[in-house]
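The file target.txt comes next; it holds compact mmCIF, C-alpha atoms and all ligand atoms.
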```txt
# COMPACT_ATOMS: atom_id res chain seq x y z
CA MET A 17 0.00 0.00 0.00
CA ASN A 18 1.29 3.46 -0.87
CA LEU A 19 0.39 5.87 1.90
CA LEU A 20 0.43 8.81 -0.50
CA ASP A 21 -2.52 7.29 -2.39
CA GLN A 22 -4.78 6.99 0.64
CA PHE A 23 -5.89 10.61 0.86
CA GLY A 24 -6.58 12.51 -2.36
CA PRO A 25 -7.02 16.29 -2.62
CA PRO A 26 -9.59 17.44 -0.02
CA VAL A 27 -11.65 19.59 -2.34
CA LEU A 28 -15.39 20.12 -2.00
CA PRO A 29 -17.06 20.65 -5.40
CA THR A 30 -18.08 24.20 -6.20
CA GLY A 31 -21.73 25.19 -6.01
CA LEU A 32 -22.42 23.95 -2.48
CA GLY A 33 -22.39 27.46 -0.97
CA PRO A 34 -26.17 28.09 -1.18
CA LEU A 35 -26.92 24.75 0.50
CA ARG A 36 -24.43 25.50 3.28
CA THR A 37 -25.91 28.95 3.79
CA ALA A 38 -29.45 27.58 3.93
CA VAL A 39 -28.55 24.96 6.56
CA ARG A 40 -26.51 27.47 8.56
CA GLU A 41 -29.40 29.96 8.60
CA PHE A 42 -31.81 27.21 9.60
CA VAL A 43 -29.67 26.10 12.57
CA ALA A 44 -29.06 29.72 13.58
CA GLU A 45 -32.83 30.10 13.96
CA TRP A 46 -33.11 26.79 15.80
CA THR A 47 -30.21 27.30 18.23
CA PRO A 48 -31.99 29.70 20.66
CA THR A 49 -34.73 27.07 21.10
CA SER A 50 -32.13 24.66 22.46
CA THR A 51 -29.61 24.78 25.35
CA PRO A 52 -25.83 24.22 25.36
CA GLU A 53 -26.41 21.15 27.55
CA LYS A 54 -28.70 19.63 24.90
CA ARG A 55 -26.32 20.58 22.12
CA ALA A 56 -23.50 18.91 24.06
CA LEU A 57 -25.15 15.55 23.28
CA SER A 58 -24.19 16.21 19.65
CA TRP A 59 -25.37 13.39 17.37
CA MET A 60 -26.77 11.49 20.36
CA GLY A 61 -29.50 14.14 20.72
CA PHE A 62 -32.87 12.62 19.77
CA ASP A 63 -35.71 14.74 18.36
CA ALA A 64 -38.03 12.98 15.91
CA ASP A 65 -39.81 16.26 15.01
CA PHE A 66 -36.49 17.88 14.16
CA SER A 67 -35.62 14.93 11.88
CA ARG A 68 -39.00 15.21 10.14
CA LEU A 69 -38.40 18.93 9.66
CA LEU A 70 -35.06 18.17 8.00
CA GLY A 71 -36.94 15.73 5.76
CA THR A 72 -39.37 18.43 4.66
CA LYS A 73 -36.41 20.71 3.91
CA GLY A 74 -35.02 18.05 1.57
CA TRP A 75 -31.88 17.48 3.65
CA LEU A 76 -32.25 13.75 4.25
CA GLY A 77 -31.63 10.96 1.75
CA LEU A 78 -29.63 13.43 -0.31
CA SER A 79 -27.82 10.81 -2.37
CA ILE A 80 -30.88 8.56 -2.75
CA PRO A 81 -32.53 8.69 -6.23
CA LYS A 82 -35.58 10.93 -6.60
CA GLN A 83 -37.78 7.97 -7.54
CA TYR A 84 -37.38 6.73 -3.94
CA GLY A 85 -38.00 10.09 -2.29
CA GLY A 86 -34.36 11.21 -2.33
CA HIS A 87 -32.62 14.06 -4.07
CA ASP A 88 -30.12 12.52 -6.51
CA ALA A 89 -27.36 14.59 -4.92
CA SER A 90 -23.77 13.57 -4.26
CA PRO A 91 -22.25 12.50 -0.91
CA PHE A 92 -20.72 16.00 -0.77
CA GLU A 93 -24.15 17.57 -0.25
CA ARG A 94 -24.68 15.18 2.63
CA PHE A 95 -21.25 16.10 3.98
CA VAL A 96 -22.11 19.81 3.98
CA VAL A 97 -25.50 19.29 5.64
CA SER A 98 -23.99 16.92 8.21
CA GLU A 99 -21.12 19.16 9.21
CA GLU A 100 -23.35 22.23 9.57
CA LEU A 101 -25.81 20.30 11.77
CA LEU A 102 -23.09 18.68 13.86
CA ALA A 103 -21.11 21.90 14.28
CA ALA A 104 -24.28 23.45 15.73
CA GLY A 105 -24.99 20.47 18.02
CA ALA A 106 -28.33 19.76 16.33
CA PRO A 107 -30.25 16.68 17.55
CA VAL A 108 -29.82 14.31 14.63
CA THR A 109 -29.71 10.84 16.13
CA ALA A 110 -33.32 9.91 15.26
CA HIS A 111 -32.56 9.79 11.52
CA TRP A 112 -28.78 9.41 11.66
CA ILE A 113 -28.31 5.67 11.14
CA ALA A 114 -31.10 5.39 8.56
CA ASP A 115 -29.75 8.32 6.55
CA ARG A 116 -26.07 7.40 6.88
CA GLN A 117 -26.10 3.70 6.26
CA SER A 118 -29.47 1.89 6.22
CA ALA A 119 -30.75 3.80 3.17
CA PRO A 120 -27.52 3.34 1.14
CA LEU A 121 -27.54 -0.36 2.11
CA ILE A 122 -31.16 -0.83 1.05
CA LEU A 123 -30.48 1.06 -2.19
CA ARG A 124 -27.48 -1.12 -2.97
CA HIS A 125 -28.73 -4.53 -1.91
CA GLY A 126 -32.49 -4.27 -1.43
CA THR A 127 -35.25 -5.59 -3.68
CA GLU A 128 -37.43 -3.13 -5.56
CA ALA A 129 -40.20 -3.76 -3.02
CA GLN A 130 -37.84 -3.02 -0.11
CA LYS A 131 -36.66 0.20 -1.76
CA GLN A 132 -40.25 1.35 -2.28
CA ARG A 133 -41.25 0.38 1.22
CA TYR A 134 -38.43 1.95 3.23
CA LEU A 135 -36.58 4.64 1.29
CA PRO A 136 -39.28 7.34 0.89
CA ALA A 137 -40.07 7.24 4.62
CA ILE A 138 -36.36 7.39 5.52
CA CYS A 139 -35.91 10.41 3.24
CA ALA A 140 -38.90 12.06 4.95
CA GLY A 141 -37.27 11.53 8.36
CA GLU A 142 -40.17 9.36 9.45
CA LEU A 143 -38.56 5.93 9.67
CA HIS A 144 -35.73 5.33 12.13
CA PHE A 145 -33.28 2.42 11.95
CA CYS A 146 -30.71 0.98 14.33
CA ILE A 147 -27.67 -1.26 13.85
CA GLY A 148 -27.83 -4.81 15.23
CA MET A 149 -24.27 -6.02 15.05
CA SER A 150 -22.83 -6.37 18.58
CA GLU A 151 -23.88 -9.24 20.87
CA PRO A 152 -22.96 -10.10 24.45
CA ALA A 153 -20.09 -12.29 23.22
CA SER A 154 -19.48 -10.60 19.85
CA GLY A 155 -18.19 -7.06 19.83
CA SER A 156 -14.83 -6.55 18.20
CA ASP A 157 -14.95 -10.16 17.07
CA LEU A 158 -18.10 -9.65 15.02
CA ALA A 159 -17.64 -12.87 13.04
CA SER A 160 -18.63 -14.80 16.16
CA VAL A 161 -22.25 -13.59 15.87
CA ARG A 162 -24.66 -16.22 17.20
CA THR A 163 -28.12 -14.70 16.75
CA LYS A 164 -29.74 -16.96 14.18
CA ALA A 165 -32.53 -16.76 11.67
CA ASP A 166 -33.90 -20.15 10.60
CA ARG A 167 -35.61 -20.33 7.26
CA GLN A 168 -39.01 -22.03 7.31
CA ALA A 169 -40.56 -24.19 4.59
CA ASP A 170 -42.68 -21.23 3.37
CA GLY A 171 -39.58 -18.99 3.05
CA SER A 172 -40.25 -16.99 6.21
CA TRP A 173 -37.72 -16.77 9.09
CA VAL A 174 -37.71 -17.44 12.82
CA LEU A 175 -35.26 -15.26 14.71
CA ASN A 176 -33.64 -16.10 18.05
CA GLY A 177 -30.77 -14.49 19.92
CA ARG A 178 -29.62 -11.28 21.53
CA LYS A 179 -28.06 -8.00 20.44
CA VAL A 180 -26.51 -5.47 22.80
CA TRP A 181 -25.44 -1.81 22.88
CA THR A 182 -28.02 -1.10 20.16
CA THR A 183 -28.26 2.66 20.00
CA ASN A 184 -31.88 3.91 20.04
CA ALA A 185 -33.44 0.44 19.58
CA ASP A 186 -36.14 1.59 22.01
CA ARG A 187 -37.03 4.50 19.72
CA CYS A 188 -36.42 3.03 16.27
CA HIS A 189 -38.86 1.31 13.97
CA PHE A 190 -36.46 -1.20 12.40
CA MET A 191 -33.11 -2.85 13.04
CA ILE A 192 -30.79 -4.15 10.34
CA ALA A 193 -29.29 -7.15 12.08
CA LEU A 194 -26.33 -9.33 11.21
CA VAL A 195 -27.43 -12.92 11.90
CA ARG A 196 -26.39 -16.47 11.19
CA THR A 197 -28.66 -18.02 8.55
CA ASP A 198 -26.59 -21.16 7.96
CA PRO A 199 -26.59 -23.10 11.25
CA ALA A 200 -23.64 -25.23 10.13
CA SER A 201 -21.48 -22.21 9.28
CA GLU A 202 -18.66 -20.65 11.23
CA ARG A 203 -17.07 -17.24 11.39
CA HIS A 204 -17.58 -14.99 8.33
CA ALA A 205 -19.49 -17.54 6.25
CA GLY A 206 -23.21 -18.15 6.63
CA LEU A 207 -24.05 -14.67 7.92
CA SER A 208 -26.85 -12.55 6.43
CA GLN A 209 -28.47 -9.18 7.05
CA ILE A 210 -32.14 -9.00 7.89
CA ILE A 211 -34.53 -6.16 8.54
CA VAL A 212 -36.37 -6.62 11.83
CA ASP A 213 -39.59 -4.77 12.62
CA LEU A 214 -39.00 -3.94 16.29
CA THR A 215 -42.71 -3.99 17.10
CA LEU A 216 -43.09 -7.70 16.32
CA PRO A 217 -44.08 -10.19 19.04
CA GLY A 218 -41.00 -11.80 20.61
CA VAL A 219 -38.83 -8.67 20.40
CA MET A 220 -37.85 -7.44 23.86
CA ILE A 221 -35.97 -4.18 24.26
CA ARG A 222 -34.29 -3.29 27.53
CA PRO A 223 -32.61 0.12 27.81
CA ILE A 224 -29.13 0.21 29.39
CA LYS A 225 -27.93 3.25 31.35
CA ASP A 226 -24.51 4.49 30.36
CA LEU A 227 -21.85 6.11 32.53
CA SER A 228 -23.51 9.52 32.18
CA GLY A 229 -26.95 8.21 33.17
CA HIS A 230 -28.36 8.43 29.64
CA GLU A 231 -30.37 5.53 28.25
CA HIS A 232 -29.50 5.61 24.57
CA PHE A 233 -28.41 2.04 24.02
CA ASN A 234 -30.24 -1.22 24.65
CA GLU A 235 -30.20 -4.95 24.92
CA VAL A 236 -32.54 -6.50 22.33
CA THR A 237 -33.69 -10.10 22.72
CA PHE A 238 -35.38 -12.12 19.98
CA ASP A 239 -37.52 -15.01 21.11
CA ASP A 240 -39.01 -16.94 18.18
CA VAL A 241 -39.66 -13.74 16.22
CA ARG A 242 -41.41 -14.59 12.97
CA LEU A 243 -40.23 -12.57 9.97
CA GLU A 244 -41.59 -12.51 6.43
CA ALA A 245 -39.43 -13.95 3.64
CA ASP A 246 -38.59 -10.46 2.43
CA ALA A 247 -36.91 -9.57 5.73
CA LEU A 248 -33.66 -10.78 4.16
CA ILE A 249 -31.70 -7.95 2.60
CA GLY A 250 -29.22 -8.73 -0.13
CA VAL A 251 -27.86 -12.19 -0.70
CA GLU A 252 -28.23 -14.96 1.87
CA GLY A 253 -24.75 -15.77 3.21
CA ASP A 254 -23.22 -12.46 2.03
CA GLY A 255 -23.93 -10.64 5.29
CA TRP A 256 -20.29 -10.24 6.25
CA ALA A 257 -19.31 -8.56 2.99
CA GLN A 258 -22.43 -6.38 3.02
CA ALA A 259 -21.99 -5.29 6.65
CA THR A 260 -18.29 -4.51 6.32
CA SER A 261 -18.91 -2.45 3.18
CA GLU A 262 -20.98 -0.09 5.38
CA LEU A 263 -17.98 0.57 7.60
CA ALA A 264 -16.31 3.21 5.47
CA PHE A 265 -19.59 5.22 5.61
CA GLU A 266 -19.75 4.66 9.36
CA ARG A 267 -16.18 5.65 10.18
CA SER A 268 -15.23 8.57 7.98
CA GLY A 269 -17.91 11.24 8.38
CA PRO A 270 -17.77 14.49 10.35
CA GLU A 271 -19.51 12.80 13.31
CA ARG A 272 -16.14 11.18 14.00
CA PHE A 273 -14.51 14.49 14.88
CA LEU A 274 -17.38 16.86 15.76
CA SER A 275 -18.86 15.05 18.79
CA ALA A 276 -17.18 17.53 21.17
CA MET A 277 -17.80 20.61 19.00
CA THR A 278 -20.24 22.25 21.42
CA LEU A 279 -17.57 22.04 24.11
CA PHE A 280 -14.97 23.51 21.76
CA ARG A 281 -17.27 26.39 20.88
CA CYS A 282 -18.10 27.05 24.53
CA LEU A 283 -14.42 27.03 25.39
CA VAL A 284 -13.53 29.50 22.65
CA GLY A 285 -16.44 31.74 23.67
CA ALA A 286 -15.49 31.62 27.36
CA VAL A 287 -11.81 32.36 26.70
CA GLY A 288 -12.87 35.40 24.70
CA PRO A 289 -10.91 37.56 22.26
CA THR A 290 -7.83 37.99 24.46
CA PRO A 291 -6.56 34.51 25.36
CA ASP A 292 -3.41 34.13 27.40
CA ALA A 293 -0.46 32.29 25.82
CA ARG A 294 -1.46 28.87 27.16
CA GLN A 295 -5.10 29.24 26.14
CA ALA A 296 -4.08 30.42 22.65
CA MET A 297 -1.66 27.53 22.23
CA GLU A 298 -4.13 24.85 23.37
CA ILE A 299 -7.07 26.20 21.35
CA GLY A 300 -4.89 26.85 18.30
CA ARG A 301 -3.66 23.25 18.39
CA LEU A 302 -7.24 21.94 18.55
CA ALA A 303 -8.27 24.20 15.66
CA ALA A 304 -5.36 23.03 13.49
CA TRP A 305 -6.20 19.41 14.25
CA LEU A 306 -9.87 20.00 13.43
CA ILE A 307 -9.09 21.50 10.02
CA SER A 308 -6.74 18.61 9.18
CA LEU A 309 -9.37 16.03 10.13
CA ARG A 310 -11.98 17.80 8.07
CA SER A 311 -9.68 17.68 5.04
CA MET A 312 -9.13 13.94 5.54
CA SER A 313 -12.87 13.34 5.89
CA ILE A 314 -13.61 15.28 2.67
CA SER A 315 -10.98 13.22 0.92
CA VAL A 316 -12.65 9.97 2.04
CA THR A 317 -16.03 11.35 0.95
CA ALA A 318 -14.56 11.86 -2.52
CA GLN A 319 -13.44 8.24 -2.61
CA LEU A 320 -16.89 7.05 -1.52
CA ALA A 321 -18.46 9.30 -4.17
CA SER A 322 -16.40 7.60 -6.86
CA GLY A 323 -17.50 4.15 -5.70
CA GLU A 324 -14.30 3.14 -3.89
CA ASP A 325 -14.23 1.36 -0.53
CA PRO A 326 -11.65 3.35 1.45
CA VAL A 327 -11.63 1.23 4.61
CA TRP A 328 -8.04 2.11 5.56
CA ALA A 329 -8.48 5.87 5.17
CA ALA A 330 -11.85 5.77 6.98
CA SER A 331 -10.27 3.87 9.90
CA CYS A 332 -7.57 6.53 10.03
CA VAL A 333 -10.19 9.32 10.21
CA LYS A 334 -12.06 7.57 13.00
CA ASP A 335 -8.99 6.76 15.08
CA LEU A 336 -7.52 10.27 14.80
CA GLY A 337 -10.95 11.95 14.97
CA THR A 338 -12.08 10.30 18.18
CA GLY A 339 -8.63 10.97 19.66
CA TYR A 340 -9.17 14.64 18.83
CA GLU A 341 -12.63 14.64 20.42
CA GLN A 342 -11.24 13.11 23.60
CA ASP A 343 -8.34 15.56 23.57
CA THR A 344 -10.83 18.45 23.42
CA VAL A 345 -12.10 17.25 26.80
CA GLU A 346 -8.53 17.06 28.16
CA VAL A 347 -7.79 20.59 26.94
CA ALA A 348 -11.03 21.92 28.45
CA MET A 349 -10.12 20.31 31.78
CA ARG A 350 -6.69 21.93 31.70
CA LEU A 351 -8.13 25.36 30.85
CA ILE A 352 -11.36 25.38 32.85
CA ASP A 353 -9.92 27.12 35.93
CA SER A 354 -8.23 29.77 33.79
CA LEU A 355 -11.47 30.98 32.17
CA PRO A 356 -12.61 34.52 33.00
CA PRO A 357 -15.43 34.12 35.55
CA GLY A 358 -18.99 34.61 34.32
CA GLU A 359 -21.93 32.83 32.68
CA GLN A 360 -19.87 31.53 29.74
CA ALA A 361 -17.37 29.84 32.07
CA ALA A 362 -20.24 28.30 34.07
CA THR A 363 -21.88 27.01 30.89
CA THR A 364 -18.55 25.59 29.69
CA ARG A 365 -18.15 23.77 33.01
CA ARG A 366 -21.60 22.16 32.66
CA VAL A 367 -21.01 21.21 29.02
CA LEU A 368 -17.60 19.80 29.94
CA ALA A 369 -19.20 17.53 32.55
CA ILE A 370 -21.58 16.13 29.90
CA VAL A 371 -18.99 15.62 27.16
CA GLN A 372 -16.47 14.21 29.64
CA SER A 373 -18.91 11.48 30.66
CA MET A 374 -19.57 10.58 27.00
CA ALA A 375 -15.96 10.78 25.83
CA PRO A 376 -14.83 7.21 26.67
CA SER A 377 -17.47 5.90 24.26
CA PHE A 378 -16.12 7.95 21.33
CA SER A 379 -13.30 5.45 20.70
CA LEU A 380 -15.51 2.39 21.36
CA ARG A 381 -18.66 2.93 19.28
CA GLY A 382 -18.30 2.03 15.61
CA GLY A 383 -15.19 -0.09 16.25
CA THR A 384 -12.63 0.30 19.02
CA ARG A 385 -9.32 2.08 18.74
CA GLU A 386 -7.39 -1.20 18.94
CA ILE A 387 -9.41 -2.76 16.13
CA LEU A 388 -8.92 0.30 13.92
CA ARG A 389 -5.19 0.24 14.57
CA GLY A 390 -5.16 -3.43 13.63
CA ILE A 391 -6.69 -2.46 10.25
CA LEU A 392 -4.15 0.32 9.83
CA ALA A 393 -1.28 -2.02 10.70
CA ARG A 394 -2.51 -4.66 8.25
CA GLY A 395 -2.78 -2.03 5.52
CA LEU A 396 0.79 -0.96 6.21
CA GLY A 397 1.92 -4.57 5.99
CA VAL A 398 3.25 -4.65 9.53
CA ARG A 399 0.78 -7.23 10.84
C1 LIG B 1 -22.03 4.54 22.73
C2 LIG B 1 -22.00 3.22 22.03
C3 LIG B 1 -22.95 2.95 21.06
C4 LIG B 1 -22.96 1.71 20.41
N1 LIG B 1 -23.92 1.48 19.49
C5 LIG B 1 -23.97 0.28 18.87
C6 LIG B 1 -25.02 -0.02 17.95
O1 LIG B 1 -25.89 0.81 17.70
N2 LIG B 1 -25.05 -1.23 17.37
C7 LIG B 1 -24.09 -2.18 17.62
O2 LIG B 1 -24.16 -3.25 17.03
N3 LIG B 1 -23.09 -1.94 18.49
C8 LIG B 1 -23.01 -0.74 19.13
N4 LIG B 1 -22.01 -0.47 20.04
C9 LIG B 1 -21.08 -1.54 20.38
C10 LIG B 1 -19.68 -1.32 19.88
O3 LIG B 1 -19.60 -1.49 18.50
C11 LIG B 1 -18.81 -2.33 20.67
O4 LIG B 1 -18.78 -1.89 22.02
C12 LIG B 1 -17.43 -2.41 20.15
O5 LIG B 1 -17.42 -3.00 18.87
C13 LIG B 1 -16.54 -3.25 21.09
O6 LIG B 1 -17.13 -4.49 21.41
P1 LIG B 1 -17.25 -4.96 22.93
O7 LIG B 1 -17.91 -3.89 23.71
O8 LIG B 1 -17.86 -6.32 22.93
O9 LIG B 1 -15.75 -5.06 23.47
P2 LIG B 1 -14.71 -6.22 23.20
O10 LIG B 1 -14.73 -6.61 21.77
O11 LIG B 1 -14.91 -7.27 24.22
O12 LIG B 1 -13.35 -5.46 23.48
C14 LIG B 1 -12.90 -5.15 24.80
C15 LIG B 1 -11.53 -4.48 24.67
O13 LIG B 1 -10.59 -5.40 24.07
C16 LIG B 1 -10.01 -4.83 22.91
N5 LIG B 1 -9.85 -5.85 21.88
C17 LIG B 1 -10.78 -6.72 21.45
N6 LIG B 1 -10.27 -7.49 20.45
C18 LIG B 1 -9.01 -7.06 20.25
C19 LIG B 1 -7.97 -7.45 19.32
N7 LIG B 1 -8.15 -8.40 18.43
N8 LIG B 1 -6.81 -6.77 19.39
C20 LIG B 1 -6.61 -5.79 20.30
N9 LIG B 1 -7.55 -5.39 21.20
C21 LIG B 1 -8.73 -6.01 21.16
C22 LIG B 1 -11.00 -3.78 22.44
O14 LIG B 1 -10.37 -2.79 21.67
C23 LIG B 1 -11.56 -3.24 23.76
O15 LIG B 1 -10.70 -2.28 24.28
C24 LIG B 1 -21.98 0.74 20.72
C25 LIG B 1 -21.01 1.02 21.68
C26 LIG B 1 -21.02 2.24 22.34
C27 LIG B 1 -19.97 2.50 23.38
```
Once more with this new file: its structure as structure tokens, please.
Ligand SMILES: Cc1cc2nc3c(=O)[nH]c(=O)nc-3n(C[C@H](O)[C@H](O)[C@H](O)COP(=O)(O)OP(=O)(O)OC[C@H]3O[C@@H](n4cnc5c(N)ncnc54)[C@H](O)[C@@H]3O)c2cc1C
Amino acid sequence: MNLLDQFGPPVLPTGLGPLRTAVREFVAEWTPTSTPEKRALSWMGFDADFSRLLGTKGWLGLSIPKQYGGHDASPFERFVVSEELLAAGAPVTAHWIADRQSAPLILRHGTEAQKQRYLPAICAGELHFCIGMSEPASGSDLASVRTKADRQADGSWVLNGRKVWTTNADRCHFMIALVRTDPASERHAGLSQIIVDLTLPGVMIRPIKDLSGHEHFNEVTFDDVRLEADALIGVEGDGWAQATSELAFERSGPERFLSAMTLFRCLVGAVGPTPDARQAMEIGRLAAWLISLRSMSISVTAQLASGEDPVWAASCVKDLGTGYEQDTVEVAMRLIDSLPPGEQAATTRRVLAIVQSMAPSFSLRGGTREILRGILARGLGVR
């Protein structure tokens, strides 16, 4: 692998200015209706009405074809909308997974009936999806998935097993689950992806409290859940390849370096226009890092737009990006007692407490740091 080929020129196409301005004006109007504490949740903030509003604005399903309710735009449009929303701390989690990866997956692998059924409602911000990959004994080692779907004589499926850490399962309509459909198979073979209606009998969803007291992820148990034949998405047995091809989408976007943006903005506001030397150095370093990460993310977006599968570069963005987000917390902790007293310092302290309690998860969700570094090492030929 030649490292110089991994990141092309980070250039956004021209002509995206009006879209950026429209989103920026929209969030500027929305911001006073929110609080810094809510914005600190970043893309974990849930607001179904807000997602629907984005749908009516035409800002969801941007790269989905018009015939399925989308907008036939490029991934760059989605990049611009995403970064403006995330930079403002808008509550996007209701539609996030569906828009980022379920819709592209359904478009790529789904039947015509599945496309017609799911895509228009996703583009309208009305249908929310979650990711059912991790299990109690299958996290980093995803190929050890044991949840199974048994095909019945009439083509339907019976689902049994358990998923865990499923973000928003308690508030989503559907899960795309990675399951074993060949009982005799092992590891990567014999896995498939299925769409599970989370309201079906036999689905039990138990919220799990995280370190910060939030209940955003869940344990989901399937007990003889009966699924129609068309619950299968894509090719039976190709689940591993299908699921891993989603990873570049999952790991390279601006959500991998903007999770602590509200804290960064609060910090800059609280320091004010006359920082001391230490404040200027720390904030300047964060700003330089942020701009570099953004360039890398745009570069990966360009590769995705041209149909490539830039797993190595996306892993790099996620590893460095989540490190940056966690470092923002460290910097804020170092600077917090040096802030000029006042309301902005008090707000920054409260926002810091929220982001600090979320920060350990940044380098776990979507693949842990160690797993990403394994991918990077393999790409470099040192493993
Ligand atoms: C906030 C949050 C949201 C999440 N949302 C979802 C979701 O919506 N859907 C979903 O399916 N999952 C979700 N997850 C689960 C997440 O993907 C897993 O936590 C992650 O993949 C790690 O799996 P694990 O927790 O089982 O840890 P383990 O795999 O048991 O790992 C434990 C530790 O060992 C290290 N380790 C494991 N294997 C290796 C190795 N081969 N080499 C070196 N080190 C290794 C890991 O890096 C980690 O530090 C979420 C997690 C979090 C924190």
Sort by chain and increasing residue number a table of all residues of range 122-157 of chain A within 12 Å of range 207-213 of chain A, each with its closest pair of atoms and their distance in Å to one decimal, counting all atoms listed in the file, and write it as a tab-separated table.
```
residue	atom	partner	partner_atom	distance
A:Ile122	CA	A:Ile211	CA	9.8
A:His125	CA	A:Gln209	CA	10.1
A:Gly126	CA	A:Ile211	CA	10.4
A:Gln130	CA	A:Ile211	CA	9.8
A:Arg133	CA	A:Ile211	CA	11.9
A:Tyr134	CA	A:Ile211	CA	10.4
A:Leu143	CA	A:Asp213	CA	11.1
A:His144	CA	A:Asp213	CA	10.8
A:Phe145	CA	A:Ile211	CA	9.3
A:Cys146	CA	A:Val212	CA	9.8
A:Ile147	CA	A:Ile211	CA	10.0
A:Gly148	CA	A:Gln209	CA	9.3
A:Met149	CA	A:Gln209	CA	9.6
```
For Phe273 in chain A, work out the shell of residues within 10 Å, counting only C-alpha atoms and skipping chain neighbours fewer than 6 positions away, then give it as an MDAnalysis selection string.
chainID A and resid 99 102:103 305:306 309:310 313 333:342 378
Written selection (C-alpha atoms) as a compact mmCIF listing (two decimals), in the frame of the given file:
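File produced: result.txt:
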```txt
# COMPACT_ATOMS: atom_id res chain seq x y z
CA GLU A 99 -21.12 19.16 9.21
CA LEU A 102 -23.09 18.68 13.86
CA ALA A 103 -21.11 21.90 14.28
CA TRP A 305 -6.20 19.41 14.25
CA LEU A 306 -9.87 20.00 13.43
CA LEU A 309 -9.37 16.03 10.13
CA ARG A 310 -11.98 17.80 8.07
CA SER A 313 -12.87 13.34 5.89
CA VAL A 333 -10.19 9.32 10.21
CA LYS A 334 -12.06 7.57 13.00
CA ASP A 335 -8.99 6.76 15.08
CA LEU A 336 -7.52 10.27 14.80
CA GLY A 337 -10.95 11.95 14.97
CA THR A 338 -12.08 10.30 18.18
CA GLY A 339 -8.63 10.97 19.66
CA TYR A 340 -9.17 14.64 18.83
CA GLU A 341 -12.63 14.64 20.42
CA GLN A 342 -11.24 13.11 23.60
CA PHE A 378 -16.12 7.95 21.33
```
Ligand LIG 1 (chain B) neighbours within 6 Å using only C-alpha atoms and all ligand atoms, as a PyMOL selection string
chain A and resi 146-150+154-157+181-183+377+380-387
Deliver the residues from the most recent selection as a file, using C-alpha atoms, as a compact mmCIF listing (two decimals), in the frame of the given file.
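File selection_13.txt, as written:
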```
# COMPACT_ATOMS: atom_id res chain seq x y z
CA CYS A 146 -30.71 0.98 14.33
CA ILE A 147 -27.67 -1.26 13.85
CA GLY A 148 -27.83 -4.81 15.23
CA MET A 149 -24.27 -6.02 15.05
CA SER A 150 -22.83 -6.37 18.58
CA SER A 154 -19.48 -10.60 19.85
CA GLY A 155 -18.19 -7.06 19.83
CA SER A 156 -14.83 -6.55 18.20
CA ASP A 157 -14.95 -10.16 17.07
CA TRP A 181 -25.44 -1.81 22.88
CA THR A 182 -28.02 -1.10 20.16
CA THR A 183 -28.26 2.66 20.00
CA SER A 377 -17.47 5.90 24.26
CA LEU A 380 -15.51 2.39 21.36
CA ARG A 381 -18.66 2.93 19.28
CA GLY A 382 -18.30 2.03 15.61
CA GLY A 383 -15.19 -0.09 16.25
CA THR A 384 -12.63 0.30 19.02
CA ARG A 385 -9.32 2.08 18.74
CA GLU A 386 -7.39 -1.20 18.94
CA ILE A 387 -9.41 -2.76 16.13
```
Could you tell me which of A:Leu76, A:Val174, A:Ala257, A:Ala329 comes closest to Gly218 in chain A if we count all atoms listed in the file?
A:Val174
Around all of range 316-326 of chain A's listed atoms, make the axis-aligned box with 8 Å on each side and tell me centre and edge lengths in Å to one decimal, as AutoDock Vina command-line options.
```
--center_x -15.1 --center_y 6.6 --center_z -2.4 --size_x 22.8 --size_y 26.5 --size_z 24.9
```
Rounded to one decimal place, report the CA of Ile138 in chain A-CA of Lys164 in chain A distance in Å.
26.7 Å
Measuring atom to atom with all atoms listed in the file, identify which of A:Val96, A:Ala119, A:Trp173, A:Cys188 is nearest to Ala64 in chain A.
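Going through A:Val96, A:Ala119, A:Trp173, A:Cys188 one by one, the smallest distance to Ala64 in chain A is for A:Cys188.
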Atomic separation - CA of Cys332 in chain A relative to CA of Arg124 in chain A, Å
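Going from CA of Arg124 in chain A over to CA of Cys332 in chain A, I get 25.0 Å.
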Can you build me a table of range 19-67 of chain A residues sitting at most 8 Å from range 82-95 of chain A, with the closest atom pair per residue and its distance in Å to one decimal, using all atoms listed in the file, sorted by chain and residue number, as JSON lines?
```
{"residue": "A:Leu28", "atom": "CA", "partner": "A:Phe92", "partner_atom": "CA", "distance": 6.8}
{"residue": "A:Pro29", "atom": "CA", "partner": "A:Phe92", "partner_atom": "CA", "distance": 7.5}
{"residue": "A:Leu32", "atom": "CA", "partner": "A:Glu93", "partner_atom": "CA", "distance": 7.0}
{"residue": "A:Leu35", "atom": "CA", "partner": "A:Glu93", "partner_atom": "CA", "distance": 7.7}
```
